[in-house]
Amino acid sequence: MKILVLNCGSSSIKYQLFVMPGRTLLAKGMIERIGDAKAAIIHQDDAGKVQQGISAGDHDEAVAAILQRLMASSHGAEAGAPIVAVGHRVVHGGEEFTGSVIINNAVIASIDHRARLAPLHNPPNLAGIRSAMLALPKATQVACFDTAFHATIPPVAYTYALPYELYEKLGVRRYGFHGTSHRYVARRAAAFLGLDKYAINCITCHLGNGSSITAVRNGRSVDTSMGLTPLEGLVMGTRCGDIDPAILFYLADNGYAFDQLNDLCNKKSGVLGVSGLSNDMRTLVEAAGKGNERAKLAIELFCYRIKKYIGAYSAALGRVDALVFTGGIGENAIPVREQICAGLENLGVRVDRQKNAAALGKESRIDAGGGVAVLVIPTDEEGAIAADTYQLATEAAAAIKH
Ligand code: ADP
């Protein structure tokens, strides 16, 4: 069964085409600069990689361009087979969505309603859903929420110590994000260790441009570092993560306007803000190696914040079977993993230098043994979305038959 996975941003769409249930990847790519005269598609399949300018004035045109490209590809035995279902990444599902769902009008209305909590993400996600429904009216459309895995977080971990009516009236609480990735790597970690997926206690570190860390008890998320929005928690590429909220009052007092503060915390902070150099960890590691003190400080801050969260989540969980690294940085940045884990011996975390240095791009165990298993697990958010989509589409088809 051919399944398309779409991840729609405001000016870009990432896509992957799978044959399920085997998760065979037929093609993948991305459209950039939607709405701009310089819109382009980068497409990759077994015939190779092409980059080409296209006309993509809006998401409808962009999705049509993707489908045209996918249909023009040969795809071997799957040539000509229809796309049976489309899985959409949706950032904010609020409290309502605790798992992936088949999209109907009520689901669309709910995603629209949640847009007030994720104004940058839910509207383009929805635009992609509408475009896919238009272009593939017979396909089952499925929404997979970044927040869903965190639906099991208990009130003690999701409630902010603010007046309670802000939660009741405006939904101010911790929701958490990157859920598809945290769930995927927690399941893989359980499989790696030969445990049932609901038997593992682990701490999962998704470290990329956006970073978050999750405490998983018995296979379920019980706490996570991102909050009402993806701004809270770890130091990120351009986001500040945890800060004293009074800093914002202080800056407002010093003439900073609302939009400037928003921009400052989301786009100008994190390792970029501290280093004054880059949001990219590769650039920072290289610069630090050449003696750039601010790059060094930015990396130290990044690692120190993660270390503190690992300590906090170890306390929250009591027993930790595994510490899992994923995301572009977690999967590839050997010195960063080493720096995060240094000094965590009292918590049972001991990394083997050689194993750490050898763990690149594949599932690996990098601890010295006898304590917490430290694992590197490449994430596969698109594959996980395809798996959910396949399951829901198959169940729906079976229900129609009976
Ligand atoms: P996103 O959150 O955008 O999905 P990714 O998970 O792709 O981000 O992670 C991007 C980050 O991973 C960048 O900061 C990049 O520098 C970092 N990264 C990728 N490879 C390496 C590497 N070999 N060493 C250090 N950092 C790396």
# chains A, B, ... in the order shown; residues from 1 in each chain; ligands from 1
call {"tool": "residues_near_ligand", "arguments": {"ligand": "ligand 1", "cutoff": "12 Å", "atoms": "only C-alpha atoms and all ligand atoms", "output": "PyMOL selection string"}}
result
chain A and resi 7+9+14+177-178+181+205-212+230+235-239+270-272+278-288+299+302+325-337+357+359-361+378-382
call {"tool": "closest_atom_pairs", "arguments": {"of": "region 295-323 of chain A", "to": "region 183-199 of chain A", "cutoff": "12 Å", "atoms": "only C-alpha atoms", "output": "Markdown table"}}
result
| residue | atom | partner | partner_atom | distance |
| --- | --- | --- | --- | --- |
| A:Arg319 | CA | A:Ala199 | CA | 11.4 |
| A:Val320 | CA | A:Ala199 | CA | 11.2 |
| A:Asp321 | CA | A:Leu193 | CA | 8.9 |
| A:Ala322 | CA | A:Ala189 | CA | 7.4 |
| A:Leu323 | CA | A:Ala189 | CA | 8.9 |
call {"tool": "residues_around", "arguments": {"residues": "Ile13 (chain A)", "least_positions_apart": "6", "cutoff": "9 Å", "atoms": "only C-alpha atoms", "output": "list in words"}}
result
Leu6, Asn7, Gly29, Met30, Ile31, Glu32, Ile34, His59, Ala62, Val63 and Gly128 of chain A
call {"tool": "residues_around", "arguments": {"residues": "Val156 (chain A)", "least_positions_apart": "5", "cutoff": "10 Å", "atoms": "only C-alpha atoms", "output": "JSON, numbers by chain"}}
result
{"A": [161, 222, 223]}
call {"tool": "write_last_selection", "arguments": {"atoms": "N, CA and C atoms", "output": "PDB file, in the first residue's frame"}}
result
ATOM      1  N   ALA A 161       2.392  26.763  37.686  1.00  0.00           N
ATOM      2  CA  ALA A 161       1.951  27.380  38.941  1.00  0.00           C
ATOM      3  C   ALA A 161       1.490  28.819  38.703  1.00  0.00           C
ATOM      4  N   VAL A 222       5.769  10.844  30.703  1.00  0.00           N
ATOM      5  CA  VAL A 222       5.257  11.370  31.983  1.00  0.00           C
ATOM      6  C   VAL A 222       5.777  12.785  32.259  1.00  0.00           C
ATOM      7  N   ASP A 223       6.724  13.248  31.463  1.00  0.00           N
ATOM      8  CA  ASP A 223       7.148  14.647  31.569  1.00  0.00           C
ATOM      9  C   ASP A 223       7.984  14.956  30.335  1.00  0.00           C
TER      10      ASP A 223
END
call {"tool": "residues_around", "arguments": {"residues": "Thr229 (chain A)", "least_positions_apart": "4", "cutoff": "10 Å", "atoms": "only C-alpha atoms", "output": "list in words"}}
result
Val91, His92, Leu117, Ala118, Val172, Arg173, Arg174, Tyr175, Gly176 and Phe177 of chain A
call {"tool": "atom_distance", "arguments": {"atom1": "CA of Leu170 (chain A)", "atom2": "CA of Ala252 (chain A)"}}
result
23.1 Å
call {"tool": "select_by_dssp", "arguments": {"residues": "region 214-345 of chain A", "states": "strand (DSSP E or B)", "output": "list in words"}}
result
Thr214, Ala215, Val216, Arg217, Arg220, Ser221, Val222, Asp223, Thr224, Ala322, Leu323, Val324, Phe325 and Thr326 of chain A
call {"tool": "select_by_dssp", "arguments": {"residues": "region 107-287 of chain A", "states": "helix (DSSP H, G or I)", "output": "VMD selection string"}}
result
chain A and resid 107 to 116 122 to 135 148 to 152 155 to 158 165 to 170 179 to 192 246 to 253 258 to 267 270 to 275 281 to 287
call {"tool": "closest_residue", "arguments": {"among": "A:Val84, A:Cys8, A:Val349, A:Ala295", "to": "Ala386 (chain A)", "atoms": "only C-alpha atoms"}}
result
A:Val84
call {"tool": "residues_around", "arguments": {"residues": "Ser73 (chain A)", "least_positions_apart": "2", "cutoff": "9 Å", "atoms": "only C-alpha atoms", "output": "NGL selection string"}}
result
:A and (27 or 45-47 or 68-71 or 75-76 or 79)
call {"tool": "write_last_selection", "arguments": {"atoms": "C-alpha atoms", "output": "tab-separated table (two decimals), in the first residue's frame"}}
result
chain	number	residue	atom	x	y	z
A	27	ALA	CA	10.85	8.70	-2.92
A	45	ASP	CA	14.14	8.52	-5.83
A	46	ASP	CA	15.95	5.51	-7.25
A	47	ALA	CA	16.61	7.48	-10.44
A	68	GLN	CA	3.04	15.11	-10.45
A	69	ARG	CA	6.65	14.35	-9.59
A	70	LEU	CA	5.73	11.18	-7.68
A	71	MET	CA	3.54	9.91	-10.50
A	75	HIS	CA	8.77	3.14	-8.54
A	76	GLY	CA	9.40	-0.37	-9.86
A	79	ALA	CA	4.49	1.99	-10.70
call {"tool": "closest_residue", "arguments": {"among": "A:Ile54, A:Ala81, A:Ala139, A:Ala127", "to": "Thr394 (chain A)", "atoms": "only C-alpha atoms"}}
result
A:Ala139
